[in-house]
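Peer 1: Sharing data_2.cif below, mmCIF, C-alpha atoms:
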```cif
data_upload
#
loop_
_atom_site.group_PDB
_atom_site.id
_atom_site.type_symbol
_atom_site.label_atom_id
_atom_site.label_comp_id
_atom_site.auth_asym_id
_atom_site.auth_seq_id
_atom_site.Cartn_x
_atom_site.Cartn_y
_atom_site.Cartn_z
ATOM 1 C CA MET A 1383 61.009 83.901 97.458
ATOM 2 C CA ASP A 1384 62.297 87.408 98.028
ATOM 3 C CA LYS A 1385 64.060 88.307 94.782
ATOM 4 C CA GLN A 1386 65.838 91.179 96.532
ATOM 5 C CA PHE A 1387 67.543 88.895 99.060
ATOM 6 C CA ASN A 1388 71.264 89.071 98.413
ATOM 7 C CA PRO A 1389 73.551 89.026 101.445
ATOM 8 C CA PHE A 1390 76.587 89.172 99.126
ATOM 9 C CA SER A 1391 75.746 92.496 97.512
ATOM 10 C CA LEU A 1392 78.491 95.111 97.294
ATOM 11 C CA GLU A 1393 76.029 97.850 96.358
ATOM 12 C CA GLY A 1394 77.118 101.249 97.658
ATOM 13 C CA LYS A 1395 80.653 100.108 98.468
ATOM 14 C CA THR A 1396 83.845 101.453 96.946
ATOM 15 C CA VAL A 1397 86.478 98.749 96.595
ATOM 16 C CA LEU A 1398 90.185 99.167 95.930
ATOM 17 C CA VAL A 1399 91.840 96.280 94.042
ATOM 18 C CA THR A 1400 95.597 95.937 93.481
ATOM 19 C CA GLY A 1401 97.058 93.696 90.808
ATOM 20 C CA ALA A 1402 93.930 94.463 88.813
ATOM 21 C CA SER A 1403 95.468 94.365 85.345
ATOM 22 C CA SER A 1404 95.588 90.576 85.167
ATOM 23 C CA GLY A 1405 94.747 87.211 86.721
ATOM 24 C CA ILE A 1406 92.962 87.040 90.066
ATOM 25 C CA GLY A 1407 93.020 90.811 90.635
ATOM 26 C CA ARG A 1408 91.453 91.460 87.236
ATOM 27 C CA GLN A 1409 88.657 88.980 87.932
ATOM 28 C CA CYS A 1410 88.062 90.467 91.389
ATOM 29 C CA ALA A 1411 87.817 93.992 89.941
ATOM 30 C CA ILE A 1412 85.321 92.947 87.272
ATOM 31 C CA ASP A 1413 83.214 90.727 89.549
ATOM 32 C CA CYS A 1414 83.057 93.259 92.408
ATOM 33 C CA SER A 1415 81.707 95.787 89.909
ATOM 34 C CA LYS A 1416 79.095 93.239 88.825
ATOM 35 C CA MET A 1417 78.054 92.899 92.480
ATOM 36 C CA GLY A 1418 77.416 96.626 92.587
ATOM 37 C CA ALA A 1419 80.689 98.021 93.904
ATOM 38 C CA LYS A 1420 82.442 101.035 92.523
ATOM 39 C CA VAL A 1421 85.895 99.636 91.789
ATOM 40 C CA VAL A 1422 89.206 101.467 91.956
ATOM 41 C CA ALA A 1423 91.700 99.322 90.064
ATOM 42 C CA ILE A 1424 95.453 99.568 90.584
ATOM 43 C CA GLY A 1425 97.957 97.863 88.320
ATOM 44 C CA ARG A 1426 101.229 98.390 86.534
ATOM 45 C CA ASN A 1427 99.970 98.321 82.973
ATOM 46 C CA LYS A 1428 97.769 101.300 82.043
ATOM 47 C CA GLU A 1429 96.593 99.746 78.795
ATOM 48 C CA ARG A 1430 95.470 96.478 80.335
ATOM 49 C CA LEU A 1431 93.889 98.387 83.234
ATOM 50 C CA ASN A 1432 91.802 100.342 80.741
ATOM 51 C CA GLU A 1433 90.626 97.061 79.230
ATOM 52 C CA VAL A 1434 89.624 95.826 82.683
ATOM 53 C CA VAL A 1435 87.700 99.042 83.366
ATOM 54 C CA MET A 1436 85.882 98.552 80.048
ATOM 55 C CA GLU A 1437 84.774 95.094 81.205
ATOM 56 C CA MET A 1438 83.470 96.437 84.513
ATOM 57 C CA GLU A 1439 79.889 97.262 85.188
ATOM 58 C CA GLY A 1440 79.119 100.832 86.215
ATOM 59 C CA ARG A 1441 81.750 103.379 87.069
ATOM 60 C CA GLY A 1442 85.166 101.834 87.376
ATOM 61 C CA VAL A 1443 88.345 103.849 87.624
ATOM 62 C CA SER A 1444 91.993 102.891 87.383
ATOM 63 C CA TYR A 1445 95.356 104.210 88.497
ATOM 64 C CA SER A 1446 98.603 102.797 87.187
ATOM 65 C CA PHE A 1447 101.162 102.334 89.929
ATOM 66 C CA ASP A 1448 104.063 99.956 90.488
ATOM 67 C CA LEU A 1449 103.787 98.432 93.961
ATOM 68 C CA GLY A 1450 107.479 97.625 93.749
ATOM 69 C CA ASN A 1451 107.769 101.078 95.364
ATOM 70 C CA THR A 1452 106.511 101.847 98.848
ATOM 71 C CA GLU A 1453 107.192 105.513 98.230
ATOM 72 C CA GLY A 1454 104.216 107.293 96.778
ATOM 73 C CA ILE A 1455 101.598 104.864 98.148
ATOM 74 C CA LYS A 1456 100.344 107.406 100.702
ATOM 75 C CA GLU A 1457 99.972 110.117 98.039
ATOM 76 C CA LEU A 1458 98.273 107.662 95.676
ATOM 77 C CA LEU A 1459 95.685 106.785 98.344
ATOM 78 C CA THR A 1460 95.073 110.466 99.110
ATOM 79 C CA THR A 1461 94.399 111.122 95.418
ATOM 80 C CA ILE A 1462 92.137 108.063 95.123
ATOM 81 C CA VAL A 1463 90.013 109.072 98.118
ATOM 82 C CA GLU A 1464 89.832 112.711 97.001
ATOM 83 C CA GLU A 1465 88.577 111.640 93.595
ATOM 84 C CA ASN A 1466 86.363 108.687 94.573
ATOM 85 C CA GLY A 1467 85.404 109.141 98.222
ATOM 86 C CA LYS A 1468 86.157 106.938 101.202
ATOM 87 C CA LEU A 1469 86.771 103.236 100.621
ATOM 88 C CA ASP A 1470 84.812 100.293 102.058
ATOM 89 C CA GLY A 1471 86.814 97.426 100.654
ATOM 90 C CA PHE A 1472 90.375 96.496 99.753
ATOM 91 C CA ILE A 1473 91.613 93.443 97.831
ATOM 92 C CA HIS A 1474 95.345 92.966 97.562
ATOM 93 C CA ALA A 1475 95.902 90.705 94.579
ATOM 94 C CA ALA A 1476 99.198 92.135 93.349
ATOM 95 C CA GLY A 1477 101.800 89.411 93.468
ATOM 96 C CA ILE A 1478 104.903 88.034 91.837
ATOM 97 C CA GLU A 1479 106.239 84.510 91.809
ATOM 98 C CA LEU A 1480 109.700 82.980 91.838
ATOM 99 C CA THR A 1481 110.692 79.342 91.629
ATOM 100 C CA ASN A 1482 114.229 78.796 92.795
ATOM 101 C CA PRO A 1483 115.896 76.314 95.151
ATOM 102 C CA VAL A 1484 116.815 77.754 98.560
ATOM 103 C CA LYS A 1485 120.466 77.398 97.661
ATOM 104 C CA LEU A 1486 120.043 79.745 94.685
ATOM 105 C CA THR A 1487 117.609 82.205 96.270
ATOM 106 C CA LYS A 1488 119.310 85.480 97.030
ATOM 107 C CA SER A 1489 118.459 87.917 99.776
ATOM 108 C CA ASP A 1490 117.368 90.376 97.084
ATOM 109 C CA ASP A 1491 114.910 87.797 95.698
ATOM 110 C CA TYR A 1492 113.227 87.569 99.100
ATOM 111 C CA LYS A 1493 113.134 91.369 99.309
ATOM 112 C CA ALA A 1494 111.611 91.772 95.839
ATOM 113 C CA LEU A 1495 108.852 89.240 96.546
ATOM 114 C CA PHE A 1496 108.133 90.652 99.991
ATOM 115 C CA GLN A 1497 107.879 94.176 98.584
ATOM 116 C CA VAL A 1498 105.139 93.397 96.074
ATOM 117 C CA ASN A 1499 103.407 90.462 97.771
ATOM 118 C CA CYS A 1500 103.075 91.866 101.265
ATOM 119 C CA LEU A 1501 104.924 95.089 102.160
ATOM 120 C CA SER A 1502 102.935 97.106 99.617
ATOM 121 C CA ALA A 1503 99.693 95.803 101.154
ATOM 122 C CA PHE A 1504 100.909 96.623 104.658
ATOM 123 C CA GLU A 1505 101.768 100.159 103.536
ATOM 124 C CA ILE A 1506 98.310 100.562 102.004
ATOM 125 C CA ILE A 1507 96.587 99.304 105.174
ATOM 126 C CA LYS A 1508 98.781 101.554 107.328
ATOM 127 C CA ASN A 1509 97.569 104.544 105.346
ATOM 128 C CA LEU A 1510 93.882 103.620 105.289
ATOM 129 C CA GLY A 1511 92.803 105.597 108.351
ATOM 130 C CA VAL A 1512 89.483 106.942 109.612
ATOM 131 C CA LYS A 1513 89.533 109.604 106.901
ATOM 132 C CA THR A 1514 90.023 107.171 104.034
ATOM 133 C CA PHE A 1515 88.425 103.838 105.038
ATOM 134 C CA ASN A 1516 84.873 103.503 106.336
ATOM 135 C CA LYS A 1517 83.877 101.824 109.582
ATOM 136 C CA GLY A 1518 82.466 98.357 108.849
ATOM 137 C CA GLY A 1519 84.771 97.910 105.845
ATOM 138 C CA SER A 1520 86.634 94.769 104.873
ATOM 139 C CA MET A 1521 90.112 93.937 103.599
ATOM 140 C CA VAL A 1522 91.119 90.753 101.754
ATOM 141 C CA LEU A 1523 94.713 89.830 101.065
ATOM 142 C CA ILE A 1524 95.370 87.164 98.444
ATOM 143 C CA SER A 1525 97.783 84.680 99.988
ATOM 144 C CA SER A 1526 98.440 81.162 98.693
ATOM 145 C CA ILE A 1527 98.294 77.555 99.838
ATOM 146 C CA SER A 1528 102.092 77.775 99.458
ATOM 147 C CA GLY A 1529 101.940 79.793 102.662
ATOM 148 C CA VAL A 1530 100.424 76.757 104.396
ATOM 149 C CA ILE A 1531 102.083 73.761 102.732
ATOM 150 C CA ALA A 1532 105.566 73.231 101.299
ATOM 151 C CA ARG A 1533 106.353 73.152 97.612
ATOM 152 C CA MET A 1534 109.824 72.778 96.147
ATOM 153 C CA GLY A 1535 111.517 75.989 95.090
ATOM 154 C CA LEU A 1536 109.030 78.391 96.611
ATOM 155 C CA SER A 1537 110.778 79.512 99.804
ATOM 156 C CA ALA A 1538 110.641 83.240 98.978
ATOM 157 C CA TYR A 1539 107.103 83.087 97.617
ATOM 158 C CA ALA A 1540 105.897 80.955 100.555
ATOM 159 C CA ALA A 1541 107.537 83.267 103.090
ATOM 160 C CA SER A 1542 105.888 86.337 101.594
ATOM 161 C CA LYS A 1543 102.460 84.670 101.439
ATOM 162 C CA GLY A 1544 102.764 83.282 104.976
ATOM 163 C CA ALA A 1545 103.668 86.775 106.164
ATOM 164 C CA LEU A 1546 100.337 88.026 104.811
ATOM 165 C CA MET A 1547 98.427 85.495 106.918
ATOM 166 C CA SER A 1548 100.179 86.197 110.193
ATOM 167 C CA ALA A 1549 100.091 89.971 109.721
ATOM 168 C CA ALA A 1550 96.402 89.811 108.769
ATOM 169 C CA ARG A 1551 95.550 88.261 112.142
ATOM 170 C CA VAL A 1552 97.212 91.111 114.045
ATOM 171 C CA MET A 1553 95.708 93.738 111.746
ATOM 172 C CA ALA A 1554 92.292 92.141 112.194
ATOM 173 C CA LEU A 1555 92.680 92.470 115.948
ATOM 174 C CA GLU A 1556 93.790 96.096 115.866
ATOM 175 C CA LEU A 1557 91.316 97.218 113.205
ATOM 176 C CA SER A 1558 88.409 95.502 114.988
ATOM 177 C CA LEU A 1559 88.295 98.688 117.072
ATOM 178 C CA ARG A 1560 87.100 100.413 113.898
ATOM 179 C CA GLU A 1561 84.890 97.431 112.959
ATOM 180 C CA ILE A 1562 87.118 96.731 109.985
ATOM 181 C CA ARG A 1563 87.758 93.088 109.092
ATOM 182 C CA VAL A 1564 90.946 91.651 107.624
ATOM 183 C CA ASN A 1565 91.135 88.170 106.082
ATOM 184 C CA THR A 1566 93.304 86.252 103.646
ATOM 185 C CA VAL A 1567 92.267 83.945 100.813
ATOM 186 C CA SER A 1568 94.655 81.171 99.878
ATOM 187 C CA PRO A 1569 94.141 79.866 96.363
ATOM 188 C CA GLY A 1570 95.531 76.629 95.012
ATOM 189 C CA THR A 1571 96.693 76.536 91.392
ATOM 190 C CA ILE A 1572 94.440 78.819 89.359
ATOM 191 C CA HIS A 1573 94.459 79.256 85.596
ATOM 192 C CA THR A 1574 96.127 82.691 85.410
ATOM 193 C CA PRO A 1575 98.890 84.044 83.160
ATOM 194 C CA MET A 1576 101.283 83.814 86.131
ATOM 195 C CA MET A 1577 100.442 80.156 86.856
ATOM 196 C CA GLN A 1578 100.407 79.263 83.173
ATOM 197 C CA LYS A 1579 104.031 80.341 83.009
ATOM 198 C CA VAL A 1580 104.830 78.116 85.993
ATOM 199 C CA LEU A 1581 102.965 75.157 84.432
ATOM 200 C CA ASP A 1582 104.700 75.706 81.069
ATOM 201 C CA GLU A 1583 108.087 75.535 82.743
ATOM 202 C CA MET A 1584 107.265 72.174 84.351
ATOM 203 C CA GLY A 1585 108.069 68.814 82.821
ATOM 204 C CA GLU A 1586 105.168 66.707 81.542
ATOM 205 C CA GLU A 1587 105.221 64.399 84.554
ATOM 206 C CA GLU A 1588 105.475 67.168 87.115
ATOM 207 C CA ARG A 1589 102.602 69.038 85.502
ATOM 208 C CA LYS A 1590 100.459 65.908 85.498
ATOM 209 C CA LYS A 1591 101.256 65.312 89.166
ATOM 210 C CA ARG A 1592 100.379 68.896 90.053
ATOM 211 C CA VAL A 1593 97.039 68.815 88.258
ATOM 212 C CA GLU A 1594 96.152 65.421 89.746
ATOM 213 C CA GLY A 1595 96.791 66.832 93.229
ATOM 214 C CA PHE A 1596 93.579 68.840 92.940
ATOM 215 C CA PRO A 1597 90.544 66.607 93.618
ATOM 216 C CA LEU A 1598 88.330 69.178 91.888
ATOM 217 C CA GLY A 1599 90.854 69.997 89.156
ATOM 218 C CA LEU A 1600 92.621 73.322 88.686
ATOM 219 C CA GLY A 1601 90.844 76.474 89.792
ATOM 220 C CA ARG A 1602 89.359 79.376 87.898
ATOM 221 C CA THR A 1603 89.883 83.029 88.730
ATOM 222 C CA THR A 1604 86.150 83.276 89.500
ATOM 223 C CA ASP A 1605 86.591 80.717 92.287
ATOM 224 C CA ILE A 1606 88.742 83.310 94.041
ATOM 225 C CA SER A 1607 86.749 86.418 93.132
ATOM 226 C CA ASN A 1608 83.619 84.757 94.557
ATOM 227 C CA ALA A 1609 85.446 84.078 97.835
ATOM 228 C CA CYS A 1610 86.550 87.713 97.915
ATOM 229 C CA ILE A 1611 83.005 88.932 97.280
ATOM 230 C CA TYR A 1612 81.841 86.928 100.299
ATOM 231 C CA LEU A 1613 84.580 88.393 102.489
ATOM 232 C CA LEU A 1614 83.928 91.955 101.319
ATOM 233 C CA SER A 1615 80.164 91.678 101.726
ATOM 234 C CA ASP A 1616 78.208 92.071 104.937
ATOM 235 C CA ALA A 1617 77.507 88.313 104.764
ATOM 236 C CA SER A 1618 80.899 87.770 106.423
ATOM 237 C CA ARG A 1619 80.274 90.438 109.082
ATOM 238 C CA TRP A 1620 81.516 88.146 111.880
ATOM 239 C CA VAL A 1621 84.544 86.677 110.061
ATOM 240 C CA THR A 1622 87.920 88.271 110.681
ATOM 241 C CA GLY A 1623 91.585 87.293 110.925
ATOM 242 C CA GLN A 1624 90.895 84.084 109.008
ATOM 243 C CA ASN A 1625 92.589 82.376 106.102
ATOM 244 C CA LEU A 1626 90.084 80.936 103.637
ATOM 245 C CA ILE A 1627 91.632 78.107 101.621
ATOM 246 C CA VAL A 1628 90.121 77.810 98.137
ATOM 247 C CA ASP A 1629 92.022 75.000 96.482
ATOM 248 C CA GLY A 1630 89.660 72.326 95.134
ATOM 249 C CA GLY A 1631 90.673 70.081 98.017
ATOM 250 C CA TYR A 1632 94.437 70.072 97.420
ATOM 251 C CA THR A 1633 95.422 70.557 101.063
ATOM 252 C CA ILE A 1634 93.002 68.019 102.542
ATOM 253 C CA LYS A 1635 94.996 65.101 101.204
ATOM 254 C CA MET B 1411 99.191 125.195 117.148
ATOM 255 C CA GLU B 1412 95.675 126.126 118.245
ATOM 256 C CA ILE B 1413 93.679 123.652 120.322
ATOM 257 C CA LYS B 1414 91.198 123.126 117.475
ATOM 258 C CA GLU B 1415 93.958 121.922 115.188
ATOM 259 C CA PHE B 1416 95.421 119.862 118.036
ATOM 260 C CA ILE B 1417 92.103 118.060 118.552
ATOM 261 C CA GLU B 1418 91.944 117.188 114.856
ATOM 262 C CA LYS B 1419 95.490 115.846 114.828
ATOM 263 C CA PHE B 1420 94.937 113.994 118.093
ATOM 264 C CA ALA B 1421 91.843 112.346 116.608
ATOM 265 C CA GLU B 1422 93.741 111.377 113.493
ATOM 266 C CA SER B 1423 96.657 109.976 115.487
ATOM 267 C CA ILE B 1424 94.541 107.548 117.486
ATOM 268 C CA GLU B 1425 91.943 107.020 114.708
ATOM 269 C CA VAL B 1426 88.895 108.584 116.363
ATOM 270 C CA SER B 1427 86.126 108.611 113.781
ATOM 271 C CA ASP B 1428 83.818 111.189 115.384
ATOM 272 C CA VAL B 1429 86.042 114.282 115.668
ATOM 273 C CA GLU B 1430 83.030 116.538 116.109
ATOM 274 C CA ALA B 1431 82.261 114.964 119.479
ATOM 275 C CA LEU B 1432 85.656 115.957 120.905
ATOM 276 C CA THR B 1433 86.117 119.105 123.013
ATOM 277 C CA PRO B 1434 89.015 120.322 125.185
ATOM 278 C CA GLU B 1435 87.053 118.987 128.187
ATOM 279 C CA THR B 1436 86.684 115.462 126.782
ATOM 280 C CA ASN B 1437 88.256 112.831 129.032
ATOM 281 C CA PHE B 1438 90.244 110.892 126.460
ATOM 282 C CA HIS B 1439 90.555 107.858 128.746
ATOM 283 C CA ASP B 1440 86.814 107.326 128.236
ATOM 284 C CA LEU B 1441 87.006 107.277 124.443
ATOM 285 C CA GLU B 1442 85.971 104.070 122.751
ATOM 286 C CA GLU B 1443 89.184 104.172 120.726
ATOM 287 C CA TRP B 1444 91.383 104.555 123.813
ATOM 288 C CA GLY B 1445 93.541 101.557 124.712
ATOM 289 C CA SER B 1446 97.077 100.194 124.764
ATOM 290 C CA MET B 1447 97.496 100.696 121.003
ATOM 291 C CA ALA B 1448 96.230 104.286 121.266
ATOM 292 C CA VAL B 1449 98.914 104.980 123.906
ATOM 293 C CA LEU B 1450 101.609 103.937 121.439
ATOM 294 C CA MET B 1451 100.078 105.981 118.628
ATOM 295 C CA LEU B 1452 99.824 109.028 120.893
ATOM 296 C CA ILE B 1453 103.487 108.728 121.909
ATOM 297 C CA ALA B 1454 104.451 108.523 118.219
ATOM 298 C CA PHE B 1455 102.257 111.570 117.476
ATOM 299 C CA TYR B 1456 104.093 113.682 120.104
ATOM 300 C CA ASP B 1457 107.432 112.464 118.869
ATOM 301 C CA GLU B 1458 106.701 113.233 115.193
ATOM 302 C CA THR B 1459 104.716 116.441 115.577
ATOM 303 C CA PHE B 1460 106.224 118.132 118.627
ATOM 304 C CA SER B 1461 109.562 116.299 118.951
ATOM 305 C CA LYS B 1462 108.508 115.545 122.511
ATOM 306 C CA GLU B 1463 108.917 112.399 124.523
ATOM 307 C CA LEU B 1464 105.547 111.694 126.057
ATOM 308 C CA THR B 1465 105.771 109.205 128.939
ATOM 309 C CA GLU B 1466 103.131 106.796 130.123
ATOM 310 C CA GLU B 1467 103.183 108.717 133.406
ATOM 311 C CA ASP B 1468 102.294 111.941 131.512
ATOM 312 C CA ILE B 1469 99.398 110.141 129.877
ATOM 313 C CA ARG B 1470 98.196 108.685 133.169
ATOM 314 C CA ARG B 1471 98.193 112.096 134.843
ATOM 315 C CA ALA B 1472 96.459 113.866 131.979
ATOM 316 C CA LYS B 1473 92.695 113.614 132.106
ATOM 317 C CA THR B 1474 91.323 115.801 129.337
ATOM 318 C CA ILE B 1475 92.354 116.700 125.813
ATOM 319 C CA GLN B 1476 93.197 120.163 127.191
ATOM 320 C CA ASP B 1477 95.740 118.479 129.504
ATOM 321 C CA LEU B 1478 97.281 116.729 126.500
ATOM 322 C CA TYR B 1479 97.383 120.000 124.597
ATOM 323 C CA ASN B 1480 99.157 121.702 127.500
ATOM 324 C CA LEU B 1481 101.782 118.961 127.459
ATOM 325 C CA ALA B 1482 102.262 119.444 123.717
ATOM 326 C CA ILE B 1483 102.814 123.193 123.830
ATOM 327 C CA SER B 1484 104.700 123.390 127.137
#
```
Would you mind giving the structure from this file in structure tokens?

Peer 2:
Amino acid sequence: MDKQFNPFSLEGKTVLVTGASSGIGRQCAIDCSKMGAKVVAIGRNKERLNEVVMEMEGRGVSYSFDLGNTEGIKELLTTIVEENGKLDGFIHAAGIELTNPVKLTKSDDYKALFQVNCLSAFEIIKNLGVKTFNKGGSMVLISSISGVIARMGLSAYAASKGALMSAARVMALELSLREIRVNTVSPGTIHTPMMQKVLDEMGEEERKKRVEGFPLGLGRTTDISNACIYLLSDASRWVTGQNLIVDGGYTIK
Amino acid sequence: MEIKEFIEKFAESIEVSDVEALTPETNFHDLEEWGSMAVLMLIAFYDETFSKELTEEDIRRAKTIQDLYNLAIS
């Protein structure tokens, strides 16, 4: 057996990860570094970002930035590329959640979720041009199975995650001219600080029902980082505009 | 704006990766990156950079990058 054979290697690639200070983004940042990538981590919390960088293999760097603002994203990317070179990969894992019935969901709630969950990613992609993002690169946007199936109280969250999927298809088409791929990954319920909060707020019965909905049980953050590694690597060279559902079988029932 | 700078900005506007290969004589219609999306990006480039309304007819008539440059500075 050829010990060198590894189609999933990220060796020689520079990967930008948003939402890297916790949960799925944190795991993606750490695991991409373990696959050989140089990781540029973006998150709100400088302290936690530093901890993530410490856990990375090789040279990781971090920039604290609040993706609640679209302003400043272009300048941030210019700085990142000046200091770290052109990028080959992008994972958008920054995201916020809101559980509220439609009747109580305000227009501003939709706007706040859209800003972080998708508009910030769109702004980043808009500004990753030929001078900042290498030909043959790959982008992965973390969506959610809530963008595919209905769950009570998640209209704003679902809308923002669904928007990622439909935009990703168009972006995949346009960026194919530069041989850049764009895909989404839709996780089911993963053990993250954000989901833990949601589970804590549920009643005993509701929580039990949720957990039982997953034939393979609840997910781990590594289940998602592994999917992202595949989509960033050259192994998925011919995969673009797709939504990869990683949910332990939740949506097949 | 000199033509050299124009070529760089033109390349950036329609996302041409190999700027070095472009000359004033290059027929931009033959570029790999040229297409319906590039037309829109070029129109936006003229609007933002030169405050000029570039029409599809202008683009059709222009053959080379020099032609585009002439339209920009006219």

Peer 1: Considering only C-alpha atoms, extract the chain A residues located within 12 Å of chain B and return them as a PyMOL selection string.

Peer 2: chain A and resi 1508-1518+1552-1553+1555-1561

Peer 1: Can you pull out the residues contacting Cys1414 in chain A? Cut-off 9 Å, using only C-alpha atoms, and skip same-chain residues under 5 positions away; I want them as a PDB file with C-alpha atoms, in the coordinates of the input.

Peer 2:
```
ATOM      1  CA  SER A1391      75.746  92.496  97.512  1.00  0.00           C
ATOM      2  CA  LEU A1392      78.491  95.111  97.294  1.00  0.00           C
ATOM      3  CA  VAL A1397      86.478  98.749  96.595  1.00  0.00           C
ATOM      4  CA  GLN A1409      88.657  88.980  87.932  1.00  0.00           C
ATOM      5  CA  ALA A1419      80.689  98.021  93.904  1.00  0.00           C
ATOM      6  CA  LYS A1420      82.442 101.035  92.523  1.00  0.00           C
ATOM      7  CA  VAL A1421      85.895  99.636  91.789  1.00  0.00           C
ATOM      8  CA  MET A1438      83.470  96.437  84.513  1.00  0.00           C
ATOM      9  CA  GLU A1439      79.889  97.262  85.188  1.00  0.00           C
ATOM     10  CA  SER A1607      86.749  86.418  93.132  1.00  0.00           C
ATOM     11  CA  ASN A1608      83.619  84.757  94.557  1.00  0.00           C
ATOM     12  CA  CYS A1610      86.550  87.713  97.915  1.00  0.00           C
ATOM     13  CA  ILE A1611      83.005  88.932  97.280  1.00  0.00           C
TER      14      ILE A1611
END
```

Peer 1: Choose the residue, out of A:Thr1396, A:Glu1457, A:Val1463, A:Leu1486, that has the smallest atom-to-atom separation from Arg1441 in chain A; count all atoms listed in the file.

Peer 2: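 For Arg1441 in chain A, the nearest of the given residues is A:Thr1396.
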
Peer 1: What residues have an atom no more than 8 Å from (99.4, 89.6, 94.7) in the file's own frame, counting only C-alpha atoms, and can you write them as a ChimeraX atom specification?

Peer 2: /A:1400-1401,1407,1474-1478,1498-1500,1523-1525

Peer 1: With the file shown as input, list the residues that the PyMOL selection byres ((chain A and resi 1619) around 10) selects, as a PyMOL selection string.

Peer 2: chain A and resi 1518-1520+1561-1563+1612-1618+1620-1622

Peer 1: Might you pull out every residue within 8 Å of Asn1437 in chain B, with only C-alpha atoms counted and same-chain residues fewer than 5 positions away left off, and present them as a CSV table (one decimal) with C-alpha atoms, keeping the file's coordinate frame?

Peer 2:
```csv
chain,number,residue,atom,x,y,z
B,1473,LYS,CA,92.7,113.6,132.1
B,1474,THR,CA,91.3,115.8,129.3
B,1475,ILE,CA,92.4,116.7,125.8
```

Peer 1: If we count all atoms listed in the file, what is near Ser1528 in chain A at a cut-off of 9 Å, once residues fewer than 5 positions away on the same chain are taken out, given as number ranges by chain?

Peer 2: A: 1533, 1536-1537, 1539-1541, 1543-1544, 1568-1570

Peer 1: Report the residues retrieved by the PyMOL selection byres ((chain B and resi 1468) around 12) from the displayed file, expressed as a PyMOL selection string.

Peer 2: chain B and resi 1449+1452-1453+1456+1462-1467+1469-1474+1477-1482

Peer 1: For Ser1461 in chain B, which residue among B:Ile1413, B:Ser1446, B:Ser1484, B:Pro1434 is the nearest when counting only C-alpha atoms?

Peer 2: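 Nearest to Ser1461 in chain B: B:Ser1484.
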
Peer 1: I'd like the box whose edges run along x, y and z of the file and which contains every listed atom of range 1439-1456 of chain B, padded by 5 Å per side; could you state its centre and edge lengths in Å, one decimal, as JSON?

Peer 2:
```
{"center_x": 95.2, "center_y": 106.9, "center_z": 123.1, "size_x": 28.5, "size_y": 23.5, "size_z": 21.3}
```

Peer 1: When you draw a straight line from CA of Thr1452 in chain A to CA of His1573 in chain A, how long is it in Å?

Peer 2: 28.8 Å

Peer 1: Can you measure CA of Leu1469 in chain A to CA of Ile1506 in chain A for me? One decimal in Å is fine.

Peer 2: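 Going from CA of Leu1469 in chain A over to CA of Ile1506 in chain A covers 11.9 Å.
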
Peer 1: What gap, in Å, lies between CA of Ser1415 in chain A and CA of Gly1442 in chain A?

Peer 2: 7.4 Å

Peer 1: I need the residue set behind the PyMOL selection byres ((chain A and resi 1626) around 7) for this file; please write it as a PyMOL selection string.

Peer 2: chain A and resi 1566-1568+1624-1625+1627-1628

Peer 1: Do you know which residues are at most 9 Å from Gly1601 in chain A counting all atoms listed in the file, after dropping those on the same chain fewer than 2 positions away, and could you put them as a PyMOL selection string?

Peer 2: chain A and resi 1569-1573+1596+1598-1599+1603-1606+1628-1630
